[in-house]
2 protein chains.
Amino acid sequence: MGIDRKELRWNGWGWRDFENPLEGREEAWVWMADQLGMPTLMATPGKRFEDLSPPPNQLTPSALHDIAAIVGETQLRTDNFERAFHARGQSYKDLLALRDGDLGSAPDAIVYPRSADEILRLMELAAQAGFSIVPFGGGSSVVGGVTPDKTDQRPVITLDLTEMDDLLQVDETSGTATAQAGIYGPQLEHALQVQGVTLGHYPQSFEFSTLGGWIAARGAGQQSNRYGKAEEWLVSARVATPSGLWSTESFPASAAGPNLNQMVSGSEGAFGVVVDATFRVRKTPDEQEFRGYMFPTFEAGAEAIRQINQADVPSAMLRLSDSDETFFFQSFGKIGEKESFSDALADRYLKFRGMGERPCLMIAGVEGAAPDVARSKHDIGNTVGAHGGISLGSGPGASWYGSRFASPYLRDPMMDHGLGVDTLETAASWSHIRALYVAVKEALSGAMRETAPRPGAHGLVMGHISHSYEDGASLYFTYVFPRALDDELGQWRKIKSAASDAINENGGTISHHHGVGADHAKWADREKGEIGMAILRAVKKEIDPGNLLNPGKWLG
Amino acid sequence: MGIDRKELRWNGWGWRDFENPLEGREEAWVWMADQLGMPTLMATPGKRFEDLSPPPNQLTPSALHDIAAIVGETQLRTDNFERAFHARGQSYKDLLALRDGDLGSAPDAIVYPRSADEILRLMELAAQAGFSIVPFGGGSSVVGGVTPDKTDQRPVITLDLTEMDDLLQVDETSGTATAQAGIYGPQLEHALQVQGVTLGHYPQSFEFSTLGGWIAARGAGQQSNRYGKAEEWLVSARVATPSGLWSTESFPASAAGPNLNQMVSGSEGAFGVVVDATFRVRKTPDEQEFRGYMFPTFEAGAEAIRQINQADVPSAMLRLSDSDETFFFQSFGKIGEKESFSDALADRYLKFRGMGERPCLMIAGVEGAAPDVARSKHDIGNTVGAHGGISLGSGPGASWYGSRFASPYLRDPMMDHGLGVDTLETAASWSHIRALYVAVKEALSGAMRETAPRPGAHGLVMGHISHSYEDGASLYFTYVFPRALDDELGQWRKIKSAASDAINENGGTISHHHGVGADHAKWADREKGEIGMAILRAVKKEIDPGNLLNPGKWLG
C-alpha cells in the first residue's frame, strides 16, 4: 500500500535514508567551485524539520468531521509531517522554500481516499463547505503542480491518491491493462511483469511518481521511443469531477468527434482526479540493451538520431548528451580518482578516432525480440558510423542504466553547498532544434552570469536530446549555478524567464514532459494562443464551475 | 484549381462520365435478385436534374451583395447546379433524397473563398446578417456532415474550400508539409511526390475528398497502418472561427496541457473552418507490394492480424474480408463468365489446402525500403501460415489495388435497380471484435429481413477488417438490400438504428473514420457520456456562440 511518507524526505528527493552520493568527496566541491568561477562554495544547510511548523489549520472542526465521515478517521491526516510533505513538489523553487523553513503552502489536511465514490463525495463537500482540493500522486512535480495556492482564501485539502493502487485487470488479447491511478511505478511494473507484460514507462521519477500523475501531466518515460508518452499509451480513464464521474471513450481509434482522453492528458488536476485508467501494454521484451556511442559533435549526433527515426529503425531510447554534459559526468564522477591506464588509453583512442577534445556521448536503448534487437543495433551502428560516431560497447549503457534514477539525489548535497540546480526541457521540430538549443543555452548562461553572487562567477549548462520523433525531438537542460543568497527566488525567476522566453521565441514548447503547473503558465498561454486558452478555460468552467480543483495553477 | 463541379455527378458518385461498370450485365441483376430472395429487381431510376429546382433562395440581395463584396462576384454561386451539388453528401440517405428530386436541403449560396481573411470576414457577416455557414471540402461525407439543416430558420451559405488548394511548404528536415485545406487527394499527393515525399493518406474517397475534410472528420486512408489516421499525422492547423483565427500548437510532442489539435480533428466544421494544416510526411517508399492471402475462417485471419500488429511487424494495410465479402466479390465479378480452367484449378487447390467452401481473403500491403519490405513479407507470411492461411501471390493484391477507388461507382447502377447499398464502420479492442462483428452482422441481417418489401426477401452483409492496431481493429460492413419503396427512409433508419445500437452495446465506436455528422449523433452522445458532451458543447459555445457553423449536426 503506497509508501509510508515518513520514509521519504519532506524537503528533498527520495528515500530519507538514501546515502549521500557525494559524502566525504571534498575534492568534488573544490572542482565544482573552480568550474563555476567561485573561490569556494558556501555552506547552506536546510533548516531542521523540528524547528518549523506549518501555519494554523484553517479547516473548521465541523469540516474535518465531515471529511472523516466520508473517508474514515484513518484516511485523514493533519499532522505536521504530512502537511510539510504535501506542501510542495520537487522543483528547485520548492526546495528553496522548504529548506528555508517556509511551510506557508502546506495544505490544511491530507486525505487518502480509497474509491471514486469517496472522491466524488469529497468534491460535493468541498463545494458546500468552501474548501479547495489539490490532487497529489507521488508529488514529484517540478513546475509547482501540487503546491497549494495560498492566495486562494479557502482552506485546502490535498487528495493523496497513493492508497488507490491496485492493478485491476490485464487484457492480454487487447494488450491493455487497467489500474488505479495512485499506483507507484515499481509496484505497477511488478504487478504487470509477473503477468508477462510491461507499460515500459520509466521516467527519472519512476520510483516516486504514479500512473495518475503521469497521465495528468503528459509524462514521458526514458524509453518513450518504444512505449510512447502518457498521452499515447492512455486508452481511457475514469475521472472524478465536480460534475460527476467522467468515463472517457475507450477505442483503439475513433472518428466520433474529438478524443477526450487528450483532454485528460495534460489536465493536471484542474478538470478532475484520475481514478483509474486503461493503458496499452506490451509483452516484456525478450532482450534489452543499452549501448554507448561517441560523436565528435552534438550536431552529428542529432543528425544521426533524426535519420534513425526517419528511417523507421525501432529504438527504445536515443539519449545524446552535449559536450558539456558528457564532460561534466565523465569528470565529476572521477574527481580525485587517479586516471587509470585504461581510461588514459580510452581517451587516446577517442582522440585518434577523431573525437576531438569534447565529444558527445549517446546512450541508445533497444528492446524487443532478439532478431529485432540485433537488427536495430546493426542499423543504429551504421547510422552512427555514417555521422562520424563510434561504438563504446555496452559498458556506458549499463552504467547509465544502473544509475538512471539516481541523479536527483545529487541535488540535495549540492544545495547544501550554496549551489542551485535546476532542469528544464522542451521539444521542437528538427528544423528548429539547433537554433532552440543554442538560444536556450545562451539564455541560461547569460542569466546565470548576470545573477551570480560575485563578478566572474557563472553557471554550467548541460544539455541532451532525451526523446526523439520522426518530426522532432526534445531537449533537456540541467544547469548548476552559485546561489545569490540575498535574492534566491529573484535569481531563479530571472534564469527561468530567460530560458522560457528563448523557448517561446525559437519554436519550442514550454514543456515536453514536466507539464505547466504554476511555473510555466505564462509561456503555455502564449503557446496555446487566445482561442486555445479560451477553449481550455471554457472546459474548466463547465466541469468545475466552483474552481474547487487545483486553484492558482495554469488552468485552475 | 479544384475540380469543375459540372464534371461531377450531383446525385451520385464521382466523375459524370465514368462508365457504368455493370452496363449491359443483365445476368448480374438476375444473380443479385436470387441472392436477395427477390423474383426480380425493380427499376428505380433517379429523377432528371432538368425536372427539378431547388427551393427559393432565402438570402436577401443585400446579403448577396455583401458576400460578393468580400470574395468577389466570381466566387459566389447561386445557380441550380451548384446548389444541387452542395445540397447533400454521399450517404445512401443522401442519394435517396437526391434521386427522388428532393433539393430541399440546398444551400442558398455557395462561396469559394481564397483566404483565411475572407473566411473570417464571411463569419462576421454571417453573425450580422443572420445566416449560417456549412464548410464543404469534397462533399464525400456519408453521415450527413455537409447537408444544410433546414430546420434552422436562417439562410445558409456553403463554403466550398476547393479553391484553397496550394501546397505551401515541404520541410524535408522535419518530415512535415503544409498545405491549404481545400486541396484534393490526387493534387496533394502529386505535389508532394514530385518533392520525394508522401502523406500516404488514401481513403476510398481519395479522388473526391480534401485535406481539410480528412482532418475535420478524423479520416483514415487504406494504408493507415503505416501512415496513421488524420489525427495522428496532423501536426498543427490554422482554423478560422467566429472568435478569430486559431493557430494550434505545433510540436512533435508537448506536455503543455491538452493537445488542441485533437479538438480540431473531429470538429466536423462545428468549431471552425480548417484553413491550412501542417502534417507529417514520409519519403515515398522505395517499394510497395500488395499481396493476397486466404484463410479458412475469419477468426483465423483476425487472429493473424492481431499477432502481426502485436509483434511489431510493420505493415501498410491488412484488409481481411469475411467469407460473405470474399464470396460476393469473387462471384459478382465473374457472373456470366464461363469458369476458366485456371479458376477451376485454383478452386480445387484452395479446397485441397483446407480452405473449405467459403474462405476469407486478406490483402496485405507493405511499403518502405526494400529490406524492410522483404522482412515484413516474410514475417507476415509466417504468421499467416501459423493460422492456417496460404499465400495467393501478388495477383489479388494488384487486382485490389487497381480498383481500390472504384467500388463506390457500383452503387449508382444498383440504386437504379431497386437496391439499397449502404456501409458503416466501427472499431473496438481485440477482446470485443468477435462479439461486435457477430452482433452488427445479425442486427443488419435481422433489420433487412424485417423491412424487406416482400416475405422471403432479405439483405446481404459483407464485412472486413480494414485497419488494425496493437490493441484493436476496425470493422467495415457493406450491406445490400431490396428497397421497401413505400418507406425507404423508414427502412434505412431501422437498419441503421439496429446496427448502431449493436455497436453501442458491444464495445464499438459509432465510427472509426466516417465521422458523426447528423446521422450518428445519438450514438456519439452515448459514447462520450454526459460529461464528455458537456465539454464539447462548452467548447462549441465558447468558440461559436452564435452557432453560425454547421448547425443541426452533432456539435452544431
# chains A, B, ... in the order shown; residues from 1 in each chain; ligands from 1
>>> residues_around(residues="Ser394 (chain B)", least_positions_apart="5", cutoff="7 Å", atoms="only C-alpha atoms", output="PyMOL selection string")
chain B and resi 290-292
>>> write_last_selection(atoms="C-alpha atoms", output="PDB file, in the first residue's frame")
ATOM      1  CA  PHE B 290       0.001  -5.772 -52.018  1.00  0.00           C
ATOM      2  CA  ARG B 291      -0.394  -9.481 -51.692  1.00  0.00           C
ATOM      3  CA  GLY B 292      -3.340 -11.856 -51.291  1.00  0.00           C
TER       4      GLY B 292
END
>>> interface_residues(of="chain A", to="chain B", cutoff="7 Å", atoms="only C-alpha atoms", output="JSON, numbers by chain")
{"A": [173, 174, 175, 176, 217, 218, 246, 248, 249, 251, 252, 253, 254, 255, 256, 257, 258, 259, 262, 263, 265, 266, 267, 427, 428, 429, 430, 431, 469, 470, 471, 472, 473, 509, 510, 511, 512, 513, 514, 515, 516, 524, 527, 528, 531, 535, 538, 539, 542]}
>>> select_by_dssp(residues="region 62-272 of chain B", states="helix (DSSP H, G or I)", output="PyMOL selection string")
chain B and resi 62-71+73-75+80-85+92-99+116-129+185-193+206-208+211-216+224-227+230-233+261-264
>>> residues_around(residues="region 434-442 of chain A", least_positions_apart="3", cutoff="6 Å", atoms="only C-alpha atoms", output="MDAnalysis selection string")
chainID A and resid 445:446 499 502 506
>>> write_last_selection(atoms="C-alpha atoms", output="PDB file, in the first residue's frame")
ATOM      1  CA  SER A 445      24.359  31.058 -19.374  1.00  0.00           C
ATOM      2  CA  GLY A 446      23.673  34.769 -19.702  1.00  0.00           C
ATOM      3  CA  ALA A 499      15.167  30.339 -20.831  1.00  0.00           C
ATOM      4  CA  ALA A 502      14.039  31.711 -25.562  1.00  0.00           C
ATOM      5  CA  ASN A 506      12.524  29.595 -31.053  1.00  0.00           C
TER       6      ASN A 506
END
>>> residues_around(residues="Glu26 (chain A)", least_positions_apart="5", cutoff="12 Å", atoms="only C-alpha atoms", output="list in words")
Pro21, Trp31, Met32, Ala33, Thr40, Leu41, Phe332, Ile335, Gly336, Pro413, Met414 and His417 of chain A
>>> residues_around(residues="Ser315 (chain B)", least_positions_apart="4", cutoff="12 Å", atoms="only C-alpha atoms", output="PyMOL selection string")
(chain A and resi 312) or (chain B and resi 222-228+288-291+305+308-311+319+363-368+372-381+467-470)
>>> closest_residue(among="B:Phe131, B:Trp15, B:Tyr92, B:Phe405", to="Arg483 (chain B)", atoms="only C-alpha atoms")
B:Tyr92
>>> closest_residue(among="A:Tyr479, A:Tyr293, A:Tyr112, A:Tyr202", to="Gly397 (chain A)", atoms="only C-alpha atoms")
A:Tyr293
>>> residues_around(residues="region 488-490 of chain A", least_positions_apart="3", cutoff="10 Å", atoms="only C-alpha atoms", output="mmCIF file with N, CA and C atoms, in the first residue's frame")
data_model
loop_
_atom_site.group_PDB
_atom_site.id
_atom_site.type_symbol
_atom_site.label_atom_id
_atom_site.label_comp_id
_atom_site.auth_asym_id
_atom_site.auth_seq_id
_atom_site.Cartn_x
_atom_site.Cartn_y
_atom_site.Cartn_z
ATOM 1 N N TYR A 92 13.289 23.187 -7.943
ATOM 2 C CA TYR A 92 14.320 23.964 -7.252
ATOM 3 C C TYR A 92 13.675 25.032 -6.368
ATOM 4 N N LYS A 93 12.640 25.681 -6.933
ATOM 5 C CA LYS A 93 11.905 26.700 -6.180
ATOM 6 C C LYS A 93 11.279 26.092 -4.927
ATOM 7 N N LEU A 96 14.034 25.470 -2.366
ATOM 8 C CA LEU A 96 14.448 26.728 -1.738
ATOM 9 C C LEU A 96 13.529 27.059 -0.577
ATOM 10 N N ALA A 97 12.219 26.978 -0.826
ATOM 11 C CA ALA A 97 11.243 27.349 0.207
ATOM 12 C C ALA A 97 11.306 26.383 1.380
ATOM 13 N N GLY A 420 22.748 26.167 -6.745
ATOM 14 C CA GLY A 420 21.416 25.959 -7.311
ATOM 15 C C GLY A 420 21.514 24.932 -8.412
ATOM 16 N N THR A 451 23.179 36.996 -12.720
ATOM 17 C CA THR A 451 22.655 36.909 -11.354
ATOM 18 C C THR A 451 23.651 36.258 -10.392
ATOM 19 N N PRO A 453 26.560 35.604 -7.669
ATOM 20 C CA PRO A 453 26.783 36.347 -6.426
ATOM 21 C C PRO A 453 28.055 37.180 -6.421
ATOM 22 N N ARG A 483 24.493 30.189 -5.868
ATOM 23 C CA ARG A 483 23.279 30.917 -5.496
ATOM 24 C C ARG A 483 23.578 32.345 -5.027
ATOM 25 N N ALA A 484 22.689 33.255 -5.423
ATOM 26 C CA ALA A 484 22.750 34.637 -4.935
ATOM 27 C C ALA A 484 21.913 34.666 -3.663
ATOM 28 N N LEU A 485 22.584 34.512 -2.528
ATOM 29 C CA LEU A 485 21.848 34.249 -1.287
ATOM 30 C C LEU A 485 20.932 35.392 -0.858
ATOM 31 N N ARG A 493 13.936 33.202 -10.795
ATOM 32 C CA ARG A 493 12.931 33.718 -11.725
ATOM 33 C C ARG A 493 13.594 34.286 -12.968
ATOM 34 N N LYS A 494 14.705 35.009 -12.802
ATOM 35 C CA LYS A 494 15.378 35.609 -13.962
ATOM 36 C C LYS A 494 15.932 34.537 -14.898
ATOM 37 N N ILE A 495 16.511 33.513 -14.309
ATOM 38 C CA ILE A 495 17.091 32.446 -15.137
ATOM 39 C C ILE A 495 15.976 31.702 -15.871
ATOM 40 N N LYS A 496 14.944 31.350 -15.132
ATOM 41 C CA LYS A 496 13.817 30.603 -15.698
ATOM 42 C C LYS A 496 13.127 31.406 -16.807
#
>>> closest_residue(among="A:Trp10, A:Phe295, A:Tyr409, A:Phe136", to="Arg83 (chain A)", atoms="only C-alpha atoms")
A:Trp10
